[in-house]
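Asker: So that you have it, the file is final.cif, and it contains mmCIF, C-alpha atoms and all ligand atoms:
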```cif
data_query
loop_
_atom_site.group_PDB
_atom_site.id
_atom_site.type_symbol
_atom_site.label_atom_id
_atom_site.label_comp_id
_atom_site.auth_asym_id
_atom_site.auth_seq_id
_atom_site.Cartn_x
_atom_site.Cartn_y
_atom_site.Cartn_z
ATOM 1 C CA MET A 1 105.497 113.849 133.679
ATOM 2 C CA THR A 2 106.815 116.070 130.879
ATOM 3 C CA ARG A 3 105.636 114.906 127.478
ATOM 4 C CA LEU A 4 108.402 114.128 124.961
ATOM 5 C CA PRO A 5 108.180 116.080 121.682
ATOM 6 C CA ARG A 6 106.365 114.191 118.945
ATOM 7 C CA LYS A 7 108.690 113.047 116.134
ATOM 8 C CA ILE A 8 107.308 114.034 112.733
ATOM 9 C CA ILE A 9 108.133 114.120 109.031
ATOM 10 C CA ILE A 10 106.509 117.061 107.232
ATOM 11 C CA ASP A 11 105.592 116.265 103.604
ATOM 12 C CA THR A 12 104.857 119.538 101.878
ATOM 13 C CA ASP A 13 104.197 121.555 98.689
ATOM 14 C CA PRO A 14 104.818 125.195 99.772
ATOM 15 C CA GLY A 15 102.431 127.159 99.301
ATOM 16 C CA GLN A 16 102.049 130.078 101.680
ATOM 17 C CA ASP A 17 99.913 128.054 104.100
ATOM 18 C CA ASP A 18 102.484 125.225 104.121
ATOM 19 C CA ALA A 19 105.063 127.877 105.018
ATOM 20 C CA VAL A 20 103.105 128.998 108.084
ATOM 21 C CA ALA A 21 102.683 125.352 109.143
ATOM 22 C CA ILE A 22 106.429 124.687 108.845
ATOM 23 C CA LEU A 23 107.260 127.850 110.819
ATOM 24 C CA LEU A 24 104.827 126.787 113.558
ATOM 25 C CA ALA A 25 106.439 123.331 113.777
ATOM 26 C CA LEU A 26 110.012 124.661 113.839
ATOM 27 C CA ALA A 27 109.043 127.232 116.488
ATOM 28 C CA SER A 28 107.707 124.512 118.827
ATOM 29 C CA PRO A 29 110.650 122.248 119.812
ATOM 30 C CA GLU A 30 109.074 121.386 123.178
ATOM 31 C CA ASP A 31 106.135 119.800 121.297
ATOM 32 C CA ILE A 32 107.566 118.714 117.961
ATOM 33 C CA GLU A 33 110.826 117.213 116.691
ATOM 34 C CA VAL A 34 110.968 117.631 112.910
ATOM 35 C CA LEU A 35 113.042 114.650 111.702
ATOM 36 C CA GLY A 36 112.952 115.951 108.131
ATOM 37 C CA LEU A 37 110.886 117.666 105.483
ATOM 38 C CA THR A 38 110.044 115.977 102.163
ATOM 39 C CA ALA A 39 108.881 118.151 99.279
ATOM 40 C CA VAL A 40 106.258 116.931 96.817
ATOM 41 C CA ALA A 41 104.911 118.370 93.551
ATOM 42 C CA GLY A 42 101.582 120.071 94.209
ATOM 43 C CA ASN A 43 100.854 123.778 94.446
ATOM 44 C CA VAL A 44 103.854 124.320 92.148
ATOM 45 C CA PRO A 45 106.341 121.875 90.544
ATOM 46 C CA LEU A 46 108.842 119.965 92.690
ATOM 47 C CA ALA A 47 111.826 122.167 91.783
ATOM 48 C CA LEU A 48 109.950 125.051 93.440
ATOM 49 C CA THR A 49 108.425 123.177 96.387
ATOM 50 C CA GLU A 50 111.854 121.861 97.469
ATOM 51 C CA ARG A 51 113.389 125.338 97.025
ATOM 52 C CA ASN A 52 110.534 126.919 98.973
ATOM 53 C CA THR A 53 110.880 124.375 101.777
ATOM 54 C CA ARG A 54 114.554 125.326 102.211
ATOM 55 C CA ILE A 55 113.710 129.061 102.130
ATOM 56 C CA ILE A 56 111.186 128.529 104.929
ATOM 57 C CA CYS A 57 113.622 126.508 107.081
ATOM 58 C CA GLU A 58 116.252 129.263 106.724
ATOM 59 C CA LEU A 59 113.626 131.892 107.611
ATOM 60 C CA ALA A 60 112.928 129.876 110.791
ATOM 61 C CA GLY A 61 116.657 129.964 111.577
ATOM 62 C CA LYS A 62 116.982 126.192 110.974
ATOM 63 C CA PRO A 63 119.450 125.807 108.072
ATOM 64 C CA GLU A 64 120.442 122.448 109.589
ATOM 65 C CA ALA A 65 116.984 121.005 108.884
ATOM 66 C CA LEU A 66 116.984 118.013 106.523
ATOM 67 C CA VAL A 67 115.067 118.822 103.328
ATOM 68 C CA PHE A 68 114.505 116.196 100.630
ATOM 69 C CA ALA A 69 112.950 116.269 97.174
ATOM 70 C CA GLY A 70 110.298 113.587 96.688
ATOM 71 C CA CYS A 71 108.026 112.771 93.757
ATOM 72 C CA ASP A 72 107.689 115.224 90.875
ATOM 73 C CA ALA A 73 104.351 113.886 89.643
ATOM 74 C CA PRO A 74 101.330 111.931 90.915
ATOM 75 C CA LEU A 75 101.430 108.108 90.843
ATOM 76 C CA LYS A 76 99.362 107.749 87.681
ATOM 77 C CA ARG A 77 98.222 111.149 86.497
ATOM 78 C CA ARG A 78 99.575 114.364 85.062
ATOM 79 C CA LEU A 79 100.464 116.986 87.682
ATOM 80 C CA VAL A 80 97.887 119.714 88.299
ATOM 81 C CA THR A 81 99.307 122.822 90.026
ATOM 82 C CA ALA A 82 97.741 125.886 91.708
ATOM 83 C CA GLU A 83 99.695 128.955 90.628
ATOM 84 C CA HIS A 84 96.348 130.764 90.408
ATOM 85 C CA VAL A 85 96.208 130.567 94.198
ATOM 86 C CA HIS A 86 99.842 130.699 95.306
ATOM 87 C CA GLY A 87 101.490 132.650 92.453
ATOM 88 C CA GLN A 88 104.205 131.519 90.040
ATOM 89 C CA THR A 89 106.789 130.793 92.765
ATOM 90 C CA GLY A 90 104.329 129.179 95.165
ATOM 91 C CA LEU A 91 105.382 131.732 97.799
ATOM 92 C CA ASP A 92 104.350 134.945 96.055
ATOM 93 C CA GLY A 93 103.930 138.020 98.239
ATOM 94 C CA PRO A 94 107.345 139.066 99.577
ATOM 95 C CA GLN A 95 110.584 139.064 97.577
ATOM 96 C CA LEU A 96 112.601 135.980 98.565
ATOM 97 C CA ALA A 97 116.332 135.269 98.180
ATOM 98 C CA ASP A 98 117.478 131.883 96.914
ATOM 99 C CA PRO A 99 118.185 129.392 99.712
ATOM 100 C CA VAL A 100 121.770 128.649 100.775
ATOM 101 C CA MET A 101 121.198 125.473 102.855
ATOM 102 C CA PRO A 102 121.647 122.204 100.920
ATOM 103 C CA LEU A 103 119.003 119.892 99.544
ATOM 104 C CA GLN A 104 119.681 116.343 100.774
ATOM 105 C CA ALA A 105 120.826 113.931 98.056
ATOM 106 C CA GLN A 106 118.520 111.105 99.169
ATOM 107 C CA HIS A 107 115.076 110.851 97.541
ATOM 108 C CA GLY A 108 112.311 111.943 99.912
ATOM 109 C CA VAL A 109 110.492 108.624 99.581
ATOM 110 C CA ASP A 110 113.634 106.751 100.666
ATOM 111 C CA PHE A 111 114.073 109.121 103.618
ATOM 112 C CA ILE A 112 110.528 108.302 104.758
ATOM 113 C CA ILE A 113 111.213 104.562 104.421
ATOM 114 C CA ASP A 114 114.610 104.653 106.173
ATOM 115 C CA THR A 115 113.348 106.860 109.004
ATOM 116 C CA LEU A 116 110.378 104.598 109.731
ATOM 117 C CA ARG A 117 112.665 101.552 109.719
ATOM 118 C CA GLN A 118 115.313 103.168 111.952
ATOM 119 C CA GLN A 119 113.042 104.847 114.511
ATOM 120 C CA PRO A 120 111.257 102.664 117.090
ATOM 121 C CA GLU A 121 107.896 101.526 115.699
ATOM 122 C CA LYS A 122 104.854 103.734 116.268
ATOM 123 C CA THR A 123 106.991 106.730 117.261
ATOM 124 C CA VAL A 124 106.961 108.706 113.988
ATOM 125 C CA THR A 125 103.981 110.767 112.788
ATOM 126 C CA LEU A 126 103.653 111.658 109.092
ATOM 127 C CA CYS A 127 102.262 115.144 108.402
ATOM 128 C CA PRO A 128 101.323 115.469 104.706
ATOM 129 C CA LEU A 129 100.393 119.026 103.716
ATOM 130 C CA GLY A 130 100.090 118.418 99.956
ATOM 131 C CA PRO A 131 99.187 115.601 97.546
ATOM 132 C CA LEU A 132 99.813 112.176 99.134
ATOM 133 C CA THR A 133 102.168 110.936 96.396
ATOM 134 C CA ASN A 134 105.313 110.580 98.571
ATOM 135 C CA ILE A 135 103.468 108.752 101.348
ATOM 136 C CA ALA A 136 101.772 106.306 98.977
ATOM 137 C CA ALA A 137 105.012 105.745 97.027
ATOM 138 C CA ALA A 138 106.794 104.896 100.301
ATOM 139 C CA PHE A 139 104.028 102.436 101.295
ATOM 140 C CA LEU A 140 104.149 100.789 97.861
ATOM 141 C CA LYS A 141 107.967 100.511 97.850
ATOM 142 C CA ALA A 142 108.261 99.301 101.460
ATOM 143 C CA PRO A 143 105.013 97.750 102.762
ATOM 144 C CA ASP A 144 106.824 96.810 105.996
ATOM 145 C CA ILE A 145 106.818 100.460 107.133
ATOM 146 C CA VAL A 146 103.017 100.848 107.130
ATOM 147 C CA ASP A 147 102.520 99.254 110.548
ATOM 148 C CA ARG A 148 105.452 101.259 111.955
ATOM 149 C CA VAL A 149 103.756 104.628 111.450
ATOM 150 C CA GLN A 150 102.389 106.150 114.703
ATOM 151 C CA GLU A 151 99.766 108.315 112.971
ATOM 152 C CA ILE A 152 99.117 110.318 109.806
ATOM 153 C CA VAL A 153 97.827 113.863 110.397
ATOM 154 C CA LEU A 154 97.032 115.408 107.028
ATOM 155 C CA MET A 155 95.391 118.395 105.413
ATOM 156 C CA GLY A 156 93.029 117.325 102.649
ATOM 157 C CA GLY A 157 89.511 116.508 101.604
ATOM 158 C CA ALA A 158 86.151 118.064 102.336
ATOM 159 C CA TYR A 159 82.582 117.027 103.121
ATOM 160 C CA PHE A 160 80.159 119.879 103.911
ATOM 161 C CA GLU A 161 82.517 122.344 102.205
ATOM 162 C CA VAL A 162 82.779 120.150 99.068
ATOM 163 C CA GLY A 163 85.532 121.047 96.586
ATOM 164 C CA ASN A 164 87.938 123.937 96.023
ATOM 165 C CA ILE A 165 89.614 122.759 92.802
ATOM 166 C CA THR A 166 86.515 121.067 91.326
ATOM 167 C CA PRO A 167 82.911 121.153 92.568
ATOM 168 C CA ALA A 168 83.586 117.792 94.273
ATOM 169 C CA ALA A 169 87.245 117.665 95.330
ATOM 170 C CA GLU A 170 89.792 119.427 97.501
ATOM 171 C CA PHE A 171 93.162 120.112 95.796
ATOM 172 C CA ASN A 172 95.532 117.781 97.730
ATOM 173 C CA ILE A 173 93.298 114.751 97.202
ATOM 174 C CA TYR A 174 92.322 115.760 93.650
ATOM 175 C CA VAL A 175 95.946 115.943 92.413
ATOM 176 C CA ASP A 176 96.689 112.308 93.349
ATOM 177 C CA PRO A 177 93.495 110.383 94.219
ATOM 178 C CA GLU A 178 95.195 106.997 93.756
ATOM 179 C CA ALA A 179 97.785 107.971 96.374
ATOM 180 C CA ALA A 180 95.034 109.148 98.702
ATOM 181 C CA GLU A 181 93.176 105.842 98.267
ATOM 182 C CA ILE A 182 96.323 103.933 99.282
ATOM 183 C CA VAL A 183 96.788 106.105 102.376
ATOM 184 C CA PHE A 184 93.138 106.017 103.503
ATOM 185 C CA ARG A 185 93.029 102.206 103.055
ATOM 186 C CA SER A 186 96.425 101.609 104.717
ATOM 187 C CA GLY A 187 95.023 100.952 108.194
ATOM 188 C CA VAL A 188 97.300 103.628 109.688
ATOM 189 C CA PRO A 189 95.447 105.869 112.222
ATOM 190 C CA ILE A 190 94.575 109.046 110.296
ATOM 191 C CA VAL A 191 93.527 112.525 111.414
ATOM 192 C CA VAL A 192 92.056 114.589 108.562
ATOM 193 C CA MET A 193 91.964 118.397 108.470
ATOM 194 C CA PRO A 194 89.447 118.959 105.625
ATOM 195 C CA LEU A 195 88.181 122.250 104.218
ATOM 196 C CA ASP A 196 85.280 121.888 106.675
ATOM 197 C CA VAL A 197 87.616 122.999 109.460
ATOM 198 C CA THR A 198 90.306 124.910 107.566
ATOM 199 C CA HIS A 199 87.711 127.290 106.112
ATOM 200 C CA LYS A 200 87.036 128.315 109.722
ATOM 201 C CA ALA A 201 90.735 129.140 110.308
ATOM 202 C CA LEU A 202 90.436 132.450 108.470
ATOM 203 C CA THR A 203 92.916 135.275 108.681
ATOM 204 C CA THR A 204 91.443 138.674 109.488
ATOM 205 C CA ARG A 205 93.053 142.073 109.223
ATOM 206 C CA PRO A 206 93.837 142.225 112.991
ATOM 207 C CA ARG A 207 95.248 138.685 112.894
ATOM 208 C CA ILE A 208 97.529 139.544 109.962
ATOM 209 C CA GLU A 209 98.578 142.817 111.590
ATOM 210 C CA ALA A 210 99.525 140.852 114.742
ATOM 211 C CA PHE A 211 102.122 139.028 112.627
ATOM 212 C CA ARG A 212 103.403 142.283 111.083
ATOM 213 C CA ALA A 213 103.555 143.940 114.517
ATOM 214 C CA MET A 214 106.073 141.313 115.691
ATOM 215 C CA GLY A 215 108.778 143.364 113.966
ATOM 216 C CA THR A 216 110.555 140.137 112.992
ATOM 217 C CA GLU A 217 111.395 138.816 109.518
ATOM 218 C CA PRO A 218 109.220 135.692 110.003
ATOM 219 C CA GLY A 219 106.344 137.855 111.235
ATOM 220 C CA ARG A 220 106.669 140.185 108.240
ATOM 221 C CA MET A 221 106.838 137.232 105.823
ATOM 222 C CA VAL A 222 103.727 135.584 107.290
ATOM 223 C CA ALA A 223 101.843 138.885 107.010
ATOM 224 C CA GLU A 224 102.903 139.377 103.380
ATOM 225 C CA TRP A 225 102.191 135.723 102.478
ATOM 226 C CA THR A 226 98.713 135.855 103.978
ATOM 227 C CA ASP A 227 98.056 139.251 102.349
ATOM 228 C CA PHE A 228 98.801 137.620 98.980
ATOM 229 C CA PHE A 229 97.112 134.287 99.733
ATOM 230 C CA GLU A 230 93.803 135.790 100.940
ATOM 231 C CA ARG A 231 92.991 137.592 97.660
ATOM 232 C CA PHE A 232 92.026 134.289 95.959
ATOM 233 C CA ASP A 233 89.577 133.170 98.651
ATOM 234 C CA MET A 234 88.092 136.629 99.090
ATOM 235 C CA GLN A 235 87.369 136.869 95.333
ATOM 236 C CA LYS A 236 85.989 133.319 95.249
ATOM 237 C CA TYR A 237 84.058 133.048 98.505
ATOM 238 C CA GLY A 238 83.605 136.718 99.335
ATOM 239 C CA SER A 239 84.920 135.765 102.748
ATOM 240 C CA GLU A 240 87.213 137.998 104.761
ATOM 241 C CA GLY A 241 90.658 136.487 104.942
ATOM 242 C CA ALA A 242 92.545 133.436 103.862
ATOM 243 C CA PRO A 243 91.943 129.925 105.251
ATOM 244 C CA LEU A 244 95.162 128.764 106.925
ATOM 245 C CA HIS A 245 94.719 125.146 105.840
ATOM 246 C CA ASP A 246 98.048 123.450 106.609
ATOM 247 C CA PRO A 247 98.850 125.069 110.005
ATOM 248 C CA CYS A 248 95.770 123.216 111.358
ATOM 249 C CA VAL A 249 97.781 119.970 111.071
ATOM 250 C CA ILE A 250 100.617 121.252 113.268
ATOM 251 C CA ALA A 251 98.306 123.070 115.692
ATOM 252 C CA TRP A 252 96.457 119.759 116.254
ATOM 253 C CA LEU A 253 99.742 118.105 117.304
ATOM 254 C CA ILE A 254 100.385 120.885 119.842
ATOM 255 C CA ARG A 255 96.863 121.591 121.130
ATOM 256 C CA PRO A 256 94.382 118.933 119.896
ATOM 257 C CA GLU A 257 91.775 120.312 122.287
ATOM 258 C CA LEU A 258 91.347 123.266 119.907
ATOM 259 C CA PHE A 259 89.683 120.885 117.430
ATOM 260 C CA SER A 260 86.642 118.592 117.284
ATOM 261 C CA GLY A 261 85.495 115.943 114.817
ATOM 262 C CA ARG A 262 84.151 112.439 114.337
ATOM 263 C CA HIS A 263 85.809 109.037 113.804
ATOM 264 C CA ILE A 264 84.199 107.962 110.556
ATOM 265 C CA ASN A 265 84.715 106.110 107.279
ATOM 266 C CA VAL A 266 86.325 108.106 104.452
ATOM 267 C CA GLU A 267 86.716 106.661 100.975
ATOM 268 C CA ILE A 268 88.288 108.304 97.914
ATOM 269 C CA GLU A 269 86.641 108.553 94.489
ATOM 270 C CA VAL A 270 89.179 107.470 91.833
ATOM 271 C CA GLN A 271 86.953 106.253 88.964
ATOM 272 C CA SER A 272 84.748 109.153 87.894
ATOM 273 C CA ASP A 273 86.184 112.097 85.962
ATOM 274 C CA LEU A 274 83.320 114.189 87.355
ATOM 275 C CA THR A 275 84.012 113.480 91.035
ATOM 276 C CA ARG A 276 87.628 112.248 91.040
ATOM 277 C CA GLY A 277 89.356 113.064 94.331
ATOM 278 C CA MET A 278 86.159 113.468 96.313
ATOM 279 C CA THR A 279 86.464 112.367 99.954
ATOM 280 C CA VAL A 280 83.260 110.397 100.511
ATOM 281 C CA ALA A 281 82.981 110.988 104.257
ATOM 282 C CA ASP A 282 80.301 108.980 106.106
ATOM 283 C CA TRP A 283 79.699 111.818 108.610
ATOM 284 C CA TRP A 284 76.156 110.623 109.376
ATOM 285 C CA GLY A 285 77.081 106.935 109.706
ATOM 286 C CA VAL A 286 74.716 105.759 106.966
ATOM 287 C CA THR A 287 76.960 102.877 105.877
ATOM 288 C CA ASP A 288 78.555 99.979 107.718
ATOM 289 C CA ARG A 289 81.962 100.812 106.268
ATOM 290 C CA PRO A 290 84.601 100.739 109.042
ATOM 291 C CA ALA A 291 85.767 104.043 110.525
ATOM 292 C CA ASN A 292 89.295 104.799 109.267
ATOM 293 C CA ALA A 293 89.775 108.508 110.051
ATOM 294 C CA LEU A 294 89.212 111.179 112.670
ATOM 295 C CA PHE A 295 87.539 113.769 110.408
ATOM 296 C CA ILE A 296 87.833 117.220 111.970
ATOM 297 C CA GLY A 297 84.881 119.594 111.530
ATOM 298 C CA ASP A 298 85.480 122.505 113.894
ATOM 299 C CA LEU A 299 88.118 124.504 115.767
ATOM 300 C CA ASP A 300 88.498 127.318 118.293
ATOM 301 C CA ALA A 301 89.741 129.866 115.741
ATOM 302 C CA ALA A 302 90.731 132.452 118.365
ATOM 303 C CA GLY A 303 92.749 129.847 120.252
ATOM 304 C CA PHE A 304 94.324 128.665 116.980
ATOM 305 C CA PHE A 305 95.538 132.167 116.039
ATOM 306 C CA GLU A 306 96.655 132.817 119.620
ATOM 307 C CA LEU A 307 98.885 129.714 119.411
ATOM 308 C CA LEU A 308 100.132 130.642 115.936
ATOM 309 C CA THR A 309 101.006 134.193 116.959
ATOM 310 C CA GLU A 310 102.669 133.195 120.240
ATOM 311 C CA ARG A 311 104.853 130.546 118.583
ATOM 312 C CA ILE A 312 105.857 132.439 115.423
ATOM 313 C CA ALA A 313 106.845 135.438 117.555
ATOM 314 C CA ARG A 314 109.559 133.173 118.992
ATOM 315 C CA LEU A 315 111.420 132.949 115.650
HETATM 316 O O1 LIG A 401 93.275 122.685 99.322
HETATM 317 C C1 LIG A 401 94.221 123.299 100.180
HETATM 318 C C2 LIG A 401 95.513 122.541 100.157
HETATM 319 O O2 LIG A 401 96.049 122.544 98.834
HETATM 320 C C3 LIG A 401 96.599 123.196 101.037
HETATM 321 O O3 LIG A 401 97.469 122.210 101.509
HETATM 322 C C4 LIG A 401 97.310 124.078 100.062
HETATM 323 O O4 LIG A 401 98.663 124.344 100.450
HETATM 324 C C5 LIG A 401 97.301 123.222 98.825
HETATM 325 O O5 LIG A 401 98.366 122.268 98.943
HETATM 326 CA CA CA A 402 99.892 122.411 101.010
#
```
Taking this structure as input, can you express it in the form of structure tokens?
Ligand code: RIB
Ligand code: CA
Answerer:
Amino acid sequence: MTRLPRKIIIDTDPGQDDAVAILLALASPEDIEVLGLTAVAGNVPLALTERNTRIICELAGKPEALVFAGCDAPLKRRLVTAEHVHGQTGLDGPQLADPVMPLQAQHGVDFIIDTLRQQPEKTVTLCPLGPLTNIAAAFLKAPDIVDRVQEIVLMGGAYFEVGNITPAAEFNIYVDPEAAEIVFRSGVPIVVMPLDVTHKALTTRPRIEAFRAMGTEPGRMVAEWTDFFERFDMQKYGSEGAPLHDPCVIAWLIRPELFSGRHINVEIEVQSDLTRGMTVADWWGVTDRPANALFIGDLDAAGFFELLTERIARL
């Protein structure tokens, strides 16, 4: 029996790695139906993340995609951005023309609410690739939609890898820890792609050259984005290559067998200034706190890049 494509909403703060994730999703119609993309403030301010999202959809040849602007700041805190990683535009690397396709007039949070109410229950998966502000705002505004969500598959958090924006916290969770607490306590089935696994999804020179060798505009863009994006991690970690964080979310939807993890309890630190945004992951089962997330720790990196290359070559 052929499997129907999974219906998803991508919530995103492009970011070069978000861009690769969106391209992978839009290149995989047999596996994924993208109902819409909601931009959130994160790597760069909202005005840029919504613009970048439209640029990426046009690059994928999908100007008909529905792109919405969501929240421009965290629920309770000042926005923290990451231009030091992604550049001033959020998509530094190649020169990019302004998008032509329209931004939808509806607020991204209302699109999430309406879509979950209109689609049959438990048939829509939310794929947050940035701070969880839009998701939490939707749950707060319309509590009735929480039980209608099929699954949340998100990039965020860390346990063995600890933090990348502070010693204790990963960026997406750090920016809006209150939103993350709402999501992780919502009761919705959650799959987490933390730094523990995304730091194993590293670009290498041959992997980047495989994108450039496609001879396509998307392939060239991915090569130039990852060339730019890797410099930060190489300086910081001394590692070869850039961790392709967000594409792990989409790759899991297509080929979950590439990944492994544990169903454990994950709580979010929101009180301490020192450890705000830390994902306190009970990997070793030392508490009796109920498991609320499939926390992914490992992947078949060769298989991941094989999938990425095969699918993006389609565009
Ligand atoms: O910490 C990595 C995450 O923060 C990725 O989603 C990246 O795009 C940024 O949003
Ligand atoms: Ca992101």
Asker: Please report the interatomic distance between CA of Trp283 (chain A) and CA of Ile264 (chain A) in Å with one decimal.
Answerer: 6.2 Å
Asker: For the file shown, report as a count of residues only the outcome of the PyMOL selection byres (((chain A and resi 56-70) around 9) and not hetatm) at residue level.
Answerer: 47
Asker: As an exercise, work out the distance from atom O4 of ligand LIG 401 (chain A) to CA of Pro167 (chain A) in Å and give it to one decimal place.
Answerer: 17.9 Å
Asker: A:Asp17, A:Leu129, A:Ala169, A:Asp98: which is nearest Ala201 (chain A), counting all atoms listed in the file?
Answerer: A:Asp17
Asker: Distance table requested - chain A against ligand CA 402 (chain A), cut-off 7 Å, only C-alpha atoms and all ligand atoms: one row per qualifying residue with the closest atom pair and its distance in Å to one decimal, ordered by chain and rising residue number, as JSON lines.
Answerer:
```
{"residue": "A:Thr12", "atom": "CA", "partner": "A:CA402", "partner_atom": "CA", "distance": 5.8}
{"residue": "A:Asp13", "atom": "CA", "partner": "A:CA402", "partner_atom": "CA", "distance": 5.0}
{"residue": "A:Pro14", "atom": "CA", "partner": "A:CA402", "partner_atom": "CA", "distance": 5.8}
{"residue": "A:Gly15", "atom": "CA", "partner": "A:CA402", "partner_atom": "CA", "distance": 5.6}
{"residue": "A:Asp17", "atom": "CA", "partner": "A:CA402", "partner_atom": "CA", "distance": 6.4}
{"residue": "A:Asp18", "atom": "CA", "partner": "A:CA402", "partner_atom": "CA", "distance": 4.9}
{"residue": "A:Asn43", "atom": "CA", "partner": "A:CA402", "partner_atom": "CA", "distance": 6.8}
{"residue": "A:Leu129", "atom": "CA", "partner": "A:CA402", "partner_atom": "CA", "distance": 4.4}
{"residue": "A:Gly130", "atom": "CA", "partner": "A:CA402", "partner_atom": "CA", "distance": 4.1}
{"residue": "A:Asp246", "atom": "CA", "partner": "A:CA402", "partner_atom": "CA", "distance": 6.0}
```
Asker: Quick check, in Å to one decimal: how far apart do CA of Glu33 (chain A) and CA of Thr115 (chain A) lie?
Answerer: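 That distance, rounded to one decimal, is 13.1 Å.
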Asker: Could you give me the centre and size, in Å to one decimal, of an axis-aligned box around all listed atoms of region 28-38 of chain A with 8 Å added on every side, as JSON?
Answerer:
```
{"center_x": 109.6, "center_y": 119.6, "center_z": 112.7, "size_x": 22.9, "size_y": 25.9, "size_z": 37.0}
```
Asker: List as a ChimeraX atom specification the protein and nucleic acid residues near Arg289 (chain A), meaning an atom at most 10 Å away when only C-alpha atoms are counted, but skip any in the same chain fewer than 3 places from it.
Answerer: /A:264-267,282,285-286,292
Asker: Running the PyMOL selection byres (((chain A and resi 262) around 10) and not hetatm) on this model by hand, what would come out? Give it as a PyMOL selection string.
Answerer: chain A and resi 191+260-261+263-265+282-284+291+293-297
Asker: With the PyMOL selection byres (((chain A and resi 87) around 10) and not hetatm) as the selection, what would be picked from this file? Answer as a list of chain:residue names, please.
Answerer: A:Gly15, A:Gln16, A:Asn43, A:Val44, A:Ala82, A:Glu83, A:His84, A:Val85, A:His86, A:Gln88, A:Thr89, A:Gly90, A:Leu91, A:Asp92, A:Gly93, A:Phe228, A:Phe229
Asker: What would region 170-194 of chain A look like if you wrote it out as an mmCIF file, in the first residue's frame, with C-alpha atoms included, from the block I just posted?
Answerer:
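Output contents, as saved in result-v6.cif:
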```
data_model
loop_
_atom_site.group_PDB
_atom_site.id
_atom_site.type_symbol
_atom_site.label_atom_id
_atom_site.label_comp_id
_atom_site.auth_asym_id
_atom_site.auth_seq_id
_atom_site.Cartn_x
_atom_site.Cartn_y
_atom_site.Cartn_z
ATOM 1 C CA GLU A 170 20.988 25.503 22.264
ATOM 2 C CA PHE A 171 19.870 28.616 20.316
ATOM 3 C CA ASN A 172 16.256 27.713 19.360
ATOM 4 C CA ILE A 173 15.326 26.819 22.935
ATOM 5 C CA TYR A 174 17.411 29.633 24.461
ATOM 6 C CA VAL A 175 15.657 32.390 22.456
ATOM 7 C CA ASP A 176 12.193 31.482 23.806
ATOM 8 C CA PRO A 177 12.409 29.044 26.751
ATOM 9 C CA GLU A 178 8.856 29.834 27.899
ATOM 10 C CA ALA A 179 7.549 28.807 24.472
ATOM 11 C CA ALA A 180 9.626 25.637 24.598
ATOM 12 C CA GLU A 181 8.239 24.800 28.054
ATOM 13 C CA ILE A 182 4.679 25.109 26.707
ATOM 14 C CA VAL A 183 5.470 22.834 23.756
ATOM 15 C CA PHE A 184 7.336 20.174 25.766
ATOM 16 C CA ARG A 185 4.521 20.083 28.374
ATOM 17 C CA SER A 186 1.706 20.085 25.780
ATOM 18 C CA GLY A 187 1.320 16.300 25.653
ATOM 19 C CA VAL A 188 1.754 16.318 21.860
ATOM 20 C CA PRO A 189 4.085 13.496 20.646
ATOM 21 C CA ILE A 190 7.469 15.168 20.082
ATOM 22 C CA VAL A 191 10.575 14.105 18.165
ATOM 23 C CA VAL A 192 13.633 16.196 19.076
ATOM 24 C CA MET A 193 16.675 16.673 16.830
ATOM 25 C CA PRO A 194 19.181 18.111 19.359
#
```
